[in-house]
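For reference, coords22.cif (mmCIF, C-alpha atoms):
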```cif
data_input
#
loop_
_atom_site.label_atom_id
_atom_site.label_comp_id
_atom_site.auth_asym_id
_atom_site.auth_seq_id
_atom_site.Cartn_x
_atom_site.Cartn_y
_atom_site.Cartn_z
CA MET A 104 6.59 -15.59 -27.61
CA LEU A 105 7.40 -19.27 -27.50
CA PRO A 106 10.70 -20.53 -29.00
CA TYR A 107 8.92 -23.24 -31.00
CA ALA A 108 7.61 -22.88 -34.53
CA THR A 109 5.28 -25.90 -34.40
CA LEU A 110 3.56 -28.20 -31.93
CA VAL A 111 5.93 -30.96 -33.05
CA GLU A 112 8.94 -28.87 -32.02
CA ALA A 113 7.36 -28.08 -28.66
CA GLU A 114 6.62 -31.75 -27.98
CA ALA A 115 10.14 -32.72 -29.02
CA ALA A 116 11.60 -30.16 -26.61
CA LEU A 117 9.43 -31.41 -23.74
CA GLY A 118 9.90 -35.06 -24.61
CA ARG A 119 6.18 -35.76 -24.43
CA SER A 120 2.85 -34.84 -25.98
CA LEU A 121 1.32 -31.53 -24.98
CA SER A 122 -1.72 -31.60 -22.74
CA PHE A 123 -4.93 -30.04 -23.98
CA SER A 124 -4.35 -26.84 -22.03
CA GLU A 125 -0.73 -26.65 -23.20
CA ALA A 126 -1.81 -27.07 -26.81
CA VAL A 127 -4.36 -24.26 -26.41
CA TRP A 128 -1.72 -22.05 -24.82
CA PHE A 129 0.71 -22.81 -27.64
CA ARG A 130 -1.77 -21.85 -30.33
CA TYR A 131 -2.65 -18.63 -28.50
CA SER A 132 0.79 -17.43 -27.42
CA ALA A 133 3.32 -18.92 -29.84
CA ARG A 134 3.53 -15.78 -32.01
CA MET A 135 2.48 -13.20 -29.41
CA PRO A 136 5.23 -11.09 -27.78
CA ASP A 137 5.58 -11.59 -24.03
CA TYR A 138 4.88 -7.91 -23.41
CA LEU A 139 1.45 -8.19 -25.04
CA LEU A 140 0.70 -11.30 -23.01
CA TYR A 141 1.60 -9.45 -19.81
CA CYS A 142 -0.59 -6.51 -20.82
CA HIS A 143 -3.60 -8.82 -20.71
CA ASN A 144 -3.63 -7.86 -17.02
CA ILE A 145 -5.03 -4.47 -17.94
CA ILE A 146 -7.94 -6.06 -19.81
CA PHE A 147 -8.65 -8.47 -16.97
CA LEU A 148 -8.58 -5.74 -14.31
CA PHE A 149 -10.84 -3.46 -16.35
CA ALA A 150 -13.34 -6.29 -16.80
CA ILE A 151 -13.24 -7.18 -13.09
CA PHE A 152 -13.66 -3.59 -11.90
CA THR A 153 -16.56 -3.07 -14.30
CA LEU A 154 -18.48 -6.35 -14.32
CA ALA A 155 -17.86 -8.14 -11.02
CA PRO A 156 -19.51 -5.50 -8.77
CA LEU A 157 -22.45 -5.04 -11.14
CA PRO A 158 -24.68 -7.83 -9.75
CA LEU A 159 -24.11 -6.45 -6.25
CA ALA A 160 -25.12 -2.99 -7.43
CA LEU A 161 -28.30 -4.34 -9.04
CA ILE A 162 -29.11 -6.19 -5.81
CA GLU A 163 -28.56 -3.01 -3.80
CA LEU A 164 -30.76 -0.92 -6.09
CA GLY A 165 -33.52 -3.52 -6.36
CA LEU A 166 -32.97 -5.16 -2.96
CA PRO A 167 -35.12 -8.28 -3.46
CA ALA A 168 -36.69 -9.56 -0.28
CA SER A 169 -34.88 -12.86 -0.72
CA VAL A 170 -31.45 -11.25 -0.13
CA SER A 171 -32.31 -8.23 2.04
CA ALA A 172 -31.74 -10.32 5.18
CA PHE A 173 -28.08 -10.72 4.21
CA LYS A 174 -27.32 -7.00 3.99
CA ILE A 175 -24.85 -6.17 6.76
CA GLN A 176 -26.01 -2.56 7.23
CA PRO A 177 -29.70 -2.83 6.29
CA LYS A 178 -30.53 0.77 7.14
CA VAL A 179 -28.12 2.13 4.54
CA ARG A 180 -29.38 2.31 0.95
CA HIS A 181 -27.07 3.77 -1.67
CA PRO A 182 -28.68 5.80 -4.49
CA PRO A 183 -27.69 5.18 -8.13
CA THR A 184 -25.48 8.29 -8.06
CA SER A 185 -23.25 6.68 -5.43
CA PHE A 186 -22.50 3.78 -7.76
CA SER A 187 -21.86 5.95 -10.80
CA GLN A 188 -19.62 8.40 -8.94
CA CYS A 189 -17.70 5.54 -7.34
CA TYR A 190 -17.15 3.83 -10.70
CA LYS A 191 -15.99 7.10 -12.28
CA GLY A 192 -13.46 7.52 -9.49
CA VAL A 193 -12.22 3.96 -9.95
CA MET A 194 -11.83 4.41 -13.71
CA ARG A 195 -9.99 7.68 -13.22
CA VAL A 196 -7.38 6.01 -11.02
CA PHE A 197 -7.34 2.98 -13.31
CA THR A 198 -6.53 5.16 -16.32
CA LEU A 199 -3.99 7.39 -14.61
CA VAL A 200 -2.32 4.96 -12.20
CA ILE A 201 -3.17 1.26 -12.50
CA GLY A 202 -2.92 0.97 -16.28
CA PRO A 203 0.41 2.84 -16.58
CA LEU A 204 1.78 0.92 -13.59
CA GLN A 205 0.97 -2.37 -15.30
CA LEU A 206 2.66 -1.23 -18.51
CA ALA A 207 5.75 0.06 -16.72
CA SER A 208 6.25 -2.94 -14.45
CA TYR A 209 6.95 -5.41 -17.27
CA PRO A 210 10.77 -5.24 -16.94
CA ILE A 211 10.46 -6.16 -13.25
CA ILE A 212 8.16 -9.05 -14.12
CA LYS A 213 10.69 -10.39 -16.60
CA PHE A 214 13.56 -9.87 -14.17
CA VAL A 215 11.99 -11.93 -11.36
CA GLY A 216 11.32 -14.80 -13.75
CA ILE A 217 7.60 -14.78 -14.55
CA GLY A 218 7.53 -16.54 -17.91
CA THR A 219 5.21 -17.54 -20.73
CA GLY A 220 6.74 -20.82 -21.87
CA LEU A 221 6.02 -24.50 -21.57
CA PRO A 222 5.30 -26.66 -19.68
CA LEU A 223 2.35 -25.19 -17.82
CA PRO A 224 2.33 -25.63 -14.03
CA SER A 225 0.38 -28.47 -12.46
CA PHE A 226 -2.75 -27.84 -10.43
CA TRP A 227 -0.98 -28.30 -7.10
CA GLU A 228 1.97 -26.14 -8.12
CA ALA A 229 -0.41 -23.34 -9.09
CA ALA A 230 -2.47 -23.77 -5.90
CA LEU A 231 0.62 -23.56 -3.68
CA GLN A 232 1.89 -20.49 -5.50
CA LEU A 233 -1.45 -18.74 -5.11
CA LEU A 234 -1.54 -19.63 -1.41
CA VAL A 235 1.90 -18.08 -0.93
CA TYR A 236 0.80 -14.94 -2.80
CA PHE A 237 -2.31 -14.52 -0.65
CA LEU A 238 -0.38 -15.02 2.60
CA VAL A 239 2.47 -12.69 1.66
CA GLU A 240 0.17 -10.00 0.29
CA ASP A 241 -2.06 -10.20 3.34
CA TYR A 242 0.87 -9.72 5.74
CA PHE A 243 2.38 -6.69 4.00
CA ASN A 244 -1.03 -5.21 3.26
CA TYR A 245 -1.85 -5.42 6.97
CA TRP A 246 1.08 -3.20 7.97
CA ILE A 247 0.59 -0.68 5.18
CA HIS A 248 -3.09 -0.47 6.08
CA ARG A 249 -2.21 0.18 9.72
CA LEU A 250 0.17 2.92 8.60
CA LEU A 251 -2.62 4.51 6.56
CA HIS A 252 -4.69 4.72 9.73
CA SER A 253 -2.16 7.03 11.35
CA GLU A 254 -3.41 10.60 11.64
CA TRP A 255 -1.43 11.85 8.65
CA GLY A 256 -2.04 8.75 6.53
CA TYR A 257 -5.77 8.82 7.08
CA GLU A 258 -6.28 12.56 6.54
CA LYS A 259 -4.09 12.80 3.45
CA ILE A 260 -4.69 9.44 1.75
CA HIS A 261 -6.88 6.75 3.29
CA CYS A 262 -9.93 8.95 3.95
CA VAL A 263 -10.90 8.62 0.27
CA HIS A 264 -11.44 4.88 0.59
CA HIS A 265 -13.40 5.38 3.80
CA GLU A 266 -15.92 7.70 2.16
CA PHE A 267 -18.08 4.55 2.04
CA THR A 268 -18.88 3.72 5.66
CA ALA A 269 -21.22 1.07 4.24
CA PRO A 270 -19.04 -0.38 1.46
CA ILE A 271 -20.18 -1.53 -1.97
CA GLY A 272 -18.47 -3.78 -4.48
CA PHE A 273 -17.42 -0.89 -6.72
CA ALA A 274 -15.65 0.70 -3.73
CA ALA A 275 -13.07 -2.10 -3.43
CA PRO A 276 -10.54 -0.31 -5.69
CA TYR A 277 -11.93 3.16 -4.88
CA ALA A 278 -9.01 4.95 -3.24
CA HIS A 279 -6.49 7.77 -3.42
CA TRP A 280 -3.89 7.22 -6.15
CA ALA A 281 -1.12 7.03 -3.54
CA GLU A 282 -2.97 4.28 -1.68
CA VAL A 283 -3.36 2.33 -4.91
CA LEU A 284 0.40 2.50 -5.42
CA LEU A 285 1.24 1.59 -1.81
CA LEU A 286 -1.18 -1.32 -1.56
CA GLY A 287 -0.23 -2.49 -5.03
CA ILE A 288 3.31 -3.28 -3.87
CA PRO A 289 2.37 -6.34 -1.74
CA SER A 290 0.59 -7.84 -4.75
CA PHE A 291 3.96 -8.11 -6.53
CA VAL A 292 6.02 -9.32 -3.56
CA GLY A 293 4.68 -12.88 -3.65
CA PRO A 294 5.31 -13.44 -7.38
CA ALA A 295 8.76 -11.85 -6.95
CA LEU A 296 9.63 -14.32 -4.18
CA VAL A 297 8.04 -17.34 -5.88
CA PRO A 298 7.99 -16.72 -9.67
CA CYS A 299 5.19 -18.31 -11.63
CA HIS A 300 3.81 -18.69 -15.12
CA THR A 301 2.05 -15.70 -16.68
CA ILE A 302 -1.27 -17.54 -16.54
CA ILE A 303 -0.92 -17.96 -12.77
CA PHE A 304 -0.01 -14.29 -12.46
CA TRP A 305 -3.19 -13.39 -14.36
CA LEU A 306 -5.18 -15.70 -12.10
CA TRP A 307 -3.62 -14.19 -8.98
CA MET A 308 -4.58 -10.65 -10.02
CA VAL A 309 -8.12 -11.71 -10.87
CA LEU A 310 -8.70 -13.70 -7.66
CA ARG A 311 -7.27 -10.93 -5.48
CA GLN A 312 -9.59 -8.33 -6.97
CA LEU A 313 -12.61 -10.63 -6.77
CA GLU A 314 -11.80 -11.22 -3.10
CA ALA A 315 -11.59 -7.46 -2.49
CA ILE A 316 -14.94 -6.90 -4.19
CA GLU A 317 -16.53 -9.65 -2.11
CA THR A 318 -15.26 -8.20 1.19
CA HIS A 319 -16.61 -4.79 0.16
CA SER A 320 -19.92 -6.16 -1.08
CA GLY A 321 -21.96 -5.13 1.96
CA TYR A 322 -23.62 -8.56 2.01
CA ASP A 323 -22.81 -11.62 4.11
CA PHE A 324 -24.13 -14.47 1.99
CA PRO A 325 -24.04 -17.82 3.81
CA TRP A 326 -23.45 -19.78 0.58
CA THR A 327 -20.26 -17.91 -0.38
CA PRO A 328 -17.49 -20.47 -1.12
CA THR A 329 -14.99 -18.37 0.85
CA LYS A 330 -16.85 -19.41 4.03
CA LEU A 331 -14.93 -22.68 3.68
CA VAL A 332 -11.52 -20.98 3.72
CA PRO A 333 -9.81 -21.15 7.15
CA PHE A 334 -9.11 -17.79 8.83
CA TYR A 335 -10.86 -15.90 6.02
CA GLY A 336 -12.21 -12.50 7.04
CA GLY A 337 -15.01 -11.88 4.58
CA ALA A 338 -17.56 -9.14 4.07
CA GLU A 339 -18.81 -8.86 7.65
CA TYR A 340 -15.27 -8.67 9.01
CA HIS A 341 -14.21 -5.83 6.72
CA ASP A 342 -17.58 -4.10 6.86
CA TYR A 343 -17.00 -3.47 10.57
CA HIS A 344 -13.75 -1.68 9.71
CA HIS A 345 -15.58 0.66 7.31
CA HIS A 346 -18.51 1.17 9.68
CA VAL A 347 -16.24 2.42 12.47
CA GLY A 348 -14.32 4.53 9.97
CA ARG A 349 -11.59 6.91 11.02
CA GLN A 350 -11.54 5.74 14.62
CA SER A 351 -11.10 2.11 13.58
CA GLN A 352 -8.04 0.39 14.99
CA SER A 353 -9.42 -3.03 14.18
CA ASN A 354 -9.61 -5.47 11.26
CA PHE A 355 -6.74 -4.16 9.13
CA ALA A 356 -6.10 -7.44 7.32
CA SER A 357 -7.18 -7.62 3.69
CA VAL A 358 -7.92 -11.34 3.37
CA PHE A 359 -7.27 -13.45 6.45
CA THR A 360 -7.68 -12.76 10.16
CA TYR A 361 -4.42 -14.15 11.57
CA CYS A 362 -2.51 -10.83 11.59
CA ASP A 363 -5.29 -9.03 13.46
CA TYR A 364 -5.42 -11.89 15.96
CA ILE A 365 -1.64 -12.09 16.48
CA TYR A 366 -1.17 -8.33 16.86
CA GLY A 367 -4.35 -7.75 18.85
CA THR A 368 -6.13 -5.51 16.37
CA ASP A 369 -9.34 -7.50 16.34
CA LYS A 370 -10.36 -6.75 19.95
CA GLY A 371 -12.86 -4.08 19.00
CA TYR A 372 -14.49 -6.37 16.48
CA ARG A 373 -14.64 -9.31 18.89
CA TYR A 374 -16.16 -7.09 21.58
CA HIS A 375 -18.70 -5.82 19.05
CA LYS A 376 -19.60 -9.39 18.04
CA ALA A 377 -19.93 -10.51 21.67
CA LEU A 378 -22.16 -7.54 22.47
CA LEU A 379 -24.44 -8.24 19.50
CA ALA A 380 -24.66 -11.90 20.47
CA LYS A 381 -25.59 -10.93 24.04
CA LEU A 382 -28.26 -8.50 22.84
CA LYS A 383 -29.65 -11.12 20.46
CA THR A 384 -29.83 -13.69 23.26
CA SER A 385 -31.54 -11.20 25.57
CA SER A 386 -34.04 -10.27 22.88
CA THR A 387 -34.79 -13.93 22.16
CA ASN A 388 -35.32 -14.71 25.84
CA TYR A 389 -37.58 -11.68 26.23
CA ASN A 390 -39.70 -12.67 23.23
CA GLU A 391 -39.98 -16.25 24.41
CA LYS A 392 -41.02 -15.07 27.85
CA GLY A 393 -43.58 -12.72 26.35
CA GLN A 394 -45.04 -15.45 24.19
CA THR A 395 -45.23 -17.81 27.16
CA ASN A 396 -46.99 -15.23 29.29
CA GLY A 397 -49.34 -14.46 26.46
CA PHE A 398 -50.25 -18.14 26.16
CA LYS A 399 -51.00 -18.34 29.87
CA ASP A 400 -53.10 -15.18 29.74
CA ASN A 401 -55.13 -16.59 26.89
CA ARG A 402 -55.82 -19.73 28.83
CA LYS A 403 -57.02 -17.73 31.84
CA PHE A 404 -59.14 -15.52 29.61
CA ASP A 405 -60.78 -18.55 28.10
#
```
In structure tokens, write the structure found in this file.
Amino acid sequence: MLPYATLVEAEAALGRSLSFSEAVWFRYSARMPDYLLYCHNIIFLFAIFTLAPLPLALIELGLPASVSAFKIQPKVRHPPTSFSQCYKGVMRVFTLVIGPLQLASYPIIKFVGIGTGLPLPSFWEAALQLLVYFLVEDYFNYWIHRLLHSEWGYEKIHCVHHEFTAPIGFAAPYAHWAEVLLLGIPSFVGPALVPCHTIIFWLWMVLRQLEAIETHSGYDFPWTPTKLVPFYGGAEYHDYHHHVGRQSQSNFASVFTYCDYIYGTDKGYRYHKALLAKLKTSSTNYNEKGQTNGFKDNRKFD
């Protein structure tokens, strides 16, 4: 709840006129308790978990010829029951773990200094904060993920997430409740270190989940904007981790590739990529040779 009764009071306190976005925020939040504003996270996460993977599911079920070439594991086709069961599992954990965690974490959010007031952050301030959050979350997520691939961690917890050896968008948050709690911690570390406005916190949660859904999509679309992000892993990178499954000691990072590169846990993936490239080159050379020989044979036959 903002400490101003009117726009005039807010402008007097700031010593300037409110921007359009600040005026909109004032009208929306001036009389709303901070706790209710924070709880918007639950609505956003529910919408993301429900709606964002839906186009990917429709593509998988219909598989138009125009996008089939971009499917990373083309031989795997998930039936409708896989999507429904996965979504039910996600909603179960959302109701029992994620929602209550969001409600209970409000005192921590207030303590670290995430506020709802004015002024709103500038574009560059918000962009730098989000960059810090992605980098910090990626680093801590990497080590927790590696821990979950220990024998005990995988058998007791992480195996649930790896039920999908060919991942789908709905499977991004599909995991054991303990894994949701463990991997949820890094998401709060960045905002705790570099406090932000509530709007930026909302945006961080939304972008992080959208990124997770994209990396679990099962499709490597060449027009994806994330292709422009340096050191970004993407769907193909994480798909390899799921494809190998329990034996995977590669590609632990959630967003970027720098941790896997620094700590040498991308060797299996790089070997796999090099082998595929070699096989593709050999196949291309063989086909070109066959076509050339066929052309010569036709000339002799004529």
Just to confirm, what's the straight-line distance from atom CA of Glu114 of chain A to atom CA of Pro298 of chain A in Å (one decimal)? 23.7 Å
Hey, what comes out of the PyMOL selection byres ((chain A and resi 125) around 12) on this file? Could you write it as a list of chain:residue names? A:Leu105, A:Leu110, A:Ala113, A:Glu114, A:Leu117, A:Arg119, A:Ser120, A:Leu121, A:Ser122, A:Phe123, A:Ser124, A:Ala126, A:Val127, A:Trp128, A:Phe129, A:Arg130, A:Tyr131, A:Ser132, A:Ala133, A:Thr219, A:Gly220, A:Leu221, A:Pro222, A:Leu223, A:Pro224, A:Ser225, A:Ile302
Any chance you could export the current selection's C-alpha atoms as a tab-separated table (two decimals), in the coordinates of the input?
```
chain	number	residue	atom	x	y	z
A	105	LEU	CA	7.40	-19.27	-27.50
A	110	LEU	CA	3.56	-28.20	-31.93
A	113	ALA	CA	7.36	-28.08	-28.66
A	114	GLU	CA	6.62	-31.75	-27.98
A	117	LEU	CA	9.43	-31.41	-23.74
A	119	ARG	CA	6.18	-35.76	-24.43
A	120	SER	CA	2.85	-34.84	-25.98
A	121	LEU	CA	1.32	-31.53	-24.98
A	122	SER	CA	-1.72	-31.60	-22.74
A	123	PHE	CA	-4.93	-30.04	-23.98
A	124	SER	CA	-4.35	-26.84	-22.03
A	126	ALA	CA	-1.81	-27.07	-26.81
A	127	VAL	CA	-4.36	-24.26	-26.41
A	128	TRP	CA	-1.72	-22.05	-24.82
A	129	PHE	CA	0.71	-22.81	-27.64
A	130	ARG	CA	-1.77	-21.85	-30.33
A	131	TYR	CA	-2.65	-18.63	-28.50
A	132	SER	CA	0.79	-17.43	-27.42
A	133	ALA	CA	3.32	-18.92	-29.84
A	219	THR	CA	5.21	-17.54	-20.73
A	220	GLY	CA	6.74	-20.82	-21.87
A	221	LEU	CA	6.02	-24.50	-21.57
A	222	PRO	CA	5.30	-26.66	-19.68
A	223	LEU	CA	2.35	-25.19	-17.82
A	224	PRO	CA	2.33	-25.63	-14.03
A	225	SER	CA	0.38	-28.47	-12.46
A	302	ILE	CA	-1.27	-17.54	-16.54
```
Just so the selection is clear, what residues does the PyMOL selection byres ((chain A and resi 155-160) around 9) cover here, as a ChimeraX atom specification? /A:150-154,161-165,183,186,271-274,313,316-317,320-322
Do a neighbour search on Leu206 of chain A at 10 Å with all atoms listed in the file, toss out local chain neighbours closer than 3 positions, and write the hits as number ranges by chain. A: 138-139, 141-142, 144-145, 201-203, 209-210
Shell around Leu250 of chain A at 12 Å using only C-alpha atoms, local window under 4 positions removed, as a PDB file with C-alpha atoms, keeping the file's coordinate frame:
```pdb
ATOM      1  CA  PHE A 243       2.380  -6.690   4.000  1.00  0.00           C
ATOM      2  CA  ASN A 244      -1.030  -5.210   3.260  1.00  0.00           C
ATOM      3  CA  TYR A 245      -1.850  -5.420   6.970  1.00  0.00           C
ATOM      4  CA  TRP A 246       1.080  -3.200   7.970  1.00  0.00           C
ATOM      5  CA  GLU A 254      -3.410  10.600  11.640  1.00  0.00           C
ATOM      6  CA  TRP A 255      -1.430  11.850   8.650  1.00  0.00           C
ATOM      7  CA  GLY A 256      -2.040   8.750   6.530  1.00  0.00           C
ATOM      8  CA  TYR A 257      -5.770   8.820   7.080  1.00  0.00           C
ATOM      9  CA  GLU A 258      -6.280  12.560   6.540  1.00  0.00           C
ATOM     10  CA  LYS A 259      -4.090  12.800   3.450  1.00  0.00           C
ATOM     11  CA  ILE A 260      -4.690   9.440   1.750  1.00  0.00           C
ATOM     12  CA  HIS A 261      -6.880   6.750   3.290  1.00  0.00           C
ATOM     13  CA  GLU A 282      -2.970   4.280  -1.680  1.00  0.00           C
ATOM     14  CA  LEU A 285       1.240   1.590  -1.810  1.00  0.00           C
ATOM     15  CA  LEU A 286      -1.180  -1.320  -1.560  1.00  0.00           C
ATOM     16  CA  GLN A 352      -8.040   0.390  14.990  1.00  0.00           C
ATOM     17  CA  PHE A 355      -6.740  -4.160   9.130  1.00  0.00           C
TER      18      PHE A 355
END
```
Residues returned when the PyMOL selection byres ((chain A and resi 335-342) around 10) runs on this file, as an mmCIF file with C-alpha atoms, keeping the file's coordinate frame:
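Output file expr.cif is given in full below:
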```cif
data_model
loop_
_atom_site.group_PDB
_atom_site.id
_atom_site.type_symbol
_atom_site.label_atom_id
_atom_site.label_comp_id
_atom_site.auth_asym_id
_atom_site.auth_seq_id
_atom_site.Cartn_x
_atom_site.Cartn_y
_atom_site.Cartn_z
ATOM 1 C CA LYS A 174 -27.320 -7.000 3.990
ATOM 2 C CA ILE A 175 -24.850 -6.170 6.760
ATOM 3 C CA GLN A 176 -26.010 -2.560 7.230
ATOM 4 C CA PHE A 267 -18.080 4.550 2.040
ATOM 5 C CA THR A 268 -18.880 3.720 5.660
ATOM 6 C CA ALA A 269 -21.220 1.070 4.240
ATOM 7 C CA PRO A 270 -19.040 -0.380 1.460
ATOM 8 C CA ILE A 271 -20.180 -1.530 -1.970
ATOM 9 C CA GLU A 314 -11.800 -11.220 -3.100
ATOM 10 C CA ALA A 315 -11.590 -7.460 -2.490
ATOM 11 C CA ILE A 316 -14.940 -6.900 -4.190
ATOM 12 C CA GLU A 317 -16.530 -9.650 -2.110
ATOM 13 C CA THR A 318 -15.260 -8.200 1.190
ATOM 14 C CA HIS A 319 -16.610 -4.790 0.160
ATOM 15 C CA SER A 320 -19.920 -6.160 -1.080
ATOM 16 C CA GLY A 321 -21.960 -5.130 1.960
ATOM 17 C CA TYR A 322 -23.620 -8.560 2.010
ATOM 18 C CA ASP A 323 -22.810 -11.620 4.110
ATOM 19 C CA PHE A 324 -24.130 -14.470 1.990
ATOM 20 C CA THR A 327 -20.260 -17.910 -0.380
ATOM 21 C CA THR A 329 -14.990 -18.370 0.850
ATOM 22 C CA LYS A 330 -16.850 -19.410 4.030
ATOM 23 C CA LEU A 331 -14.930 -22.680 3.680
ATOM 24 C CA VAL A 332 -11.520 -20.980 3.720
ATOM 25 C CA PRO A 333 -9.810 -21.150 7.150
ATOM 26 C CA PHE A 334 -9.110 -17.790 8.830
ATOM 27 C CA TYR A 343 -17.000 -3.470 10.570
ATOM 28 C CA HIS A 344 -13.750 -1.680 9.710
ATOM 29 C CA HIS A 345 -15.580 0.660 7.310
ATOM 30 C CA HIS A 346 -18.510 1.170 9.680
ATOM 31 C CA VAL A 347 -16.240 2.420 12.470
ATOM 32 C CA GLY A 348 -14.320 4.530 9.970
ATOM 33 C CA SER A 353 -9.420 -3.030 14.180
ATOM 34 C CA ASN A 354 -9.610 -5.470 11.260
ATOM 35 C CA PHE A 355 -6.740 -4.160 9.130
ATOM 36 C CA ALA A 356 -6.100 -7.440 7.320
ATOM 37 C CA SER A 357 -7.180 -7.620 3.690
ATOM 38 C CA VAL A 358 -7.920 -11.340 3.370
ATOM 39 C CA PHE A 359 -7.270 -13.450 6.450
ATOM 40 C CA THR A 360 -7.680 -12.760 10.160
ATOM 41 C CA TYR A 361 -4.420 -14.150 11.570
ATOM 42 C CA ASP A 369 -9.340 -7.500 16.340
ATOM 43 C CA TYR A 372 -14.490 -6.370 16.480
ATOM 44 C CA ARG A 373 -14.640 -9.310 18.890
#
```
In Å, rounded to a single decimal, give me how far atom CA of Ser169 of chain A is from atom CA of His181 of chain A.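 A separation of 18.4 Å between them.
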Provide the atom CA of Ile211 of chain A to atom CA of Thr301 of chain A distance in Å, to one decimal place.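 We find that atom CA of Ile211 of chain A and atom CA of Thr301 of chain A lie 13.2 Å from each other.
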Quick one: what's the axis-aligned box for segment 163-171 of chain A, all listed atoms, 5 Å on every side, centre and edges in Å to one decimal, as AutoDock Vina command-line options?
```
--center_x -32.6 --center_y -6.9 --center_z -2.2 --size_x 18.1 --size_y 21.9 --size_z 18.4
```
Pick out the residues sitting within 8 Å of Pro294 of chain A, and hand them over as a PyMOL selection string; count only C-alpha atoms, and ignore anything fewer than 6 positions along from it in its own chain. chain A and resi 215+217+236+304
Kindly indicate which residue among A:Leu233, A:Val170, A:Leu238, A:Leu199 lies nearest to Cys362 of chain A, using only C-alpha atoms for the distances. A:Leu238
Where atoms are missing, can you supply N, CA, C and O atoms for segment 117-128 of chain A and output the lot as a CSV table (one decimal), in the frame of the given file?
```csv
chain,number,residue,atom,x,y,z
A,117,LEU,N,9.9,-30.9,-25.0
A,117,LEU,CA,9.4,-31.4,-23.7
A,117,LEU,C,9.6,-32.9,-23.6
A,117,LEU,O,9.6,-33.4,-22.4
A,118,GLY,N,9.8,-33.6,-24.7
A,118,GLY,CA,9.9,-35.1,-24.6
A,118,GLY,C,8.6,-35.8,-24.3
A,118,GLY,O,8.6,-36.9,-23.9
A,119,ARG,N,7.5,-35.2,-24.6
A,119,ARG,CA,6.2,-35.8,-24.4
A,119,ARG,C,5.1,-35.0,-25.2
A,119,ARG,O,5.4,-33.9,-25.8
A,120,SER,N,3.9,-35.5,-25.3
A,120,SER,CA,2.8,-34.8,-26.0
A,120,SER,C,2.3,-33.7,-25.1
A,120,SER,O,2.4,-33.8,-23.9
A,121,LEU,N,1.9,-32.6,-25.7
A,121,LEU,CA,1.3,-31.5,-25.0
A,121,LEU,C,-0.1,-31.9,-24.4
A,121,LEU,O,-0.8,-32.6,-25.1
A,122,SER,N,-0.4,-31.4,-23.3
A,122,SER,CA,-1.7,-31.6,-22.7
A,122,SER,C,-2.7,-30.7,-23.5
A,122,SER,O,-2.2,-29.8,-24.3
A,123,PHE,N,-4.0,-30.9,-23.3
A,123,PHE,CA,-4.9,-30.0,-24.0
A,123,PHE,C,-4.7,-28.6,-23.7
A,123,PHE,O,-4.7,-27.7,-24.6
A,124,SER,N,-4.5,-28.2,-22.4
A,124,SER,CA,-4.4,-26.8,-22.0
A,124,SER,C,-3.1,-26.3,-22.6
A,124,SER,O,-3.0,-25.1,-23.0
A,125,GLU,N,-2.0,-27.1,-22.6
A,125,GLU,CA,-0.7,-26.6,-23.2
A,125,GLU,C,-0.8,-26.4,-24.7
A,125,GLU,O,-0.3,-25.5,-25.2
A,126,ALA,N,-1.6,-27.3,-25.4
A,126,ALA,CA,-1.8,-27.1,-26.8
A,126,ALA,C,-2.6,-25.8,-27.1
A,126,ALA,O,-2.3,-25.0,-28.0
A,127,VAL,N,-3.6,-25.5,-26.3
A,127,VAL,CA,-4.4,-24.3,-26.4
A,127,VAL,C,-3.4,-23.1,-26.2
A,127,VAL,O,-3.5,-22.1,-26.9
A,128,TRP,N,-2.6,-23.2,-25.1
A,128,TRP,CA,-1.7,-22.0,-24.8
A,128,TRP,C,-0.7,-21.8,-26.0
A,128,TRP,O,-0.4,-20.7,-26.3
```
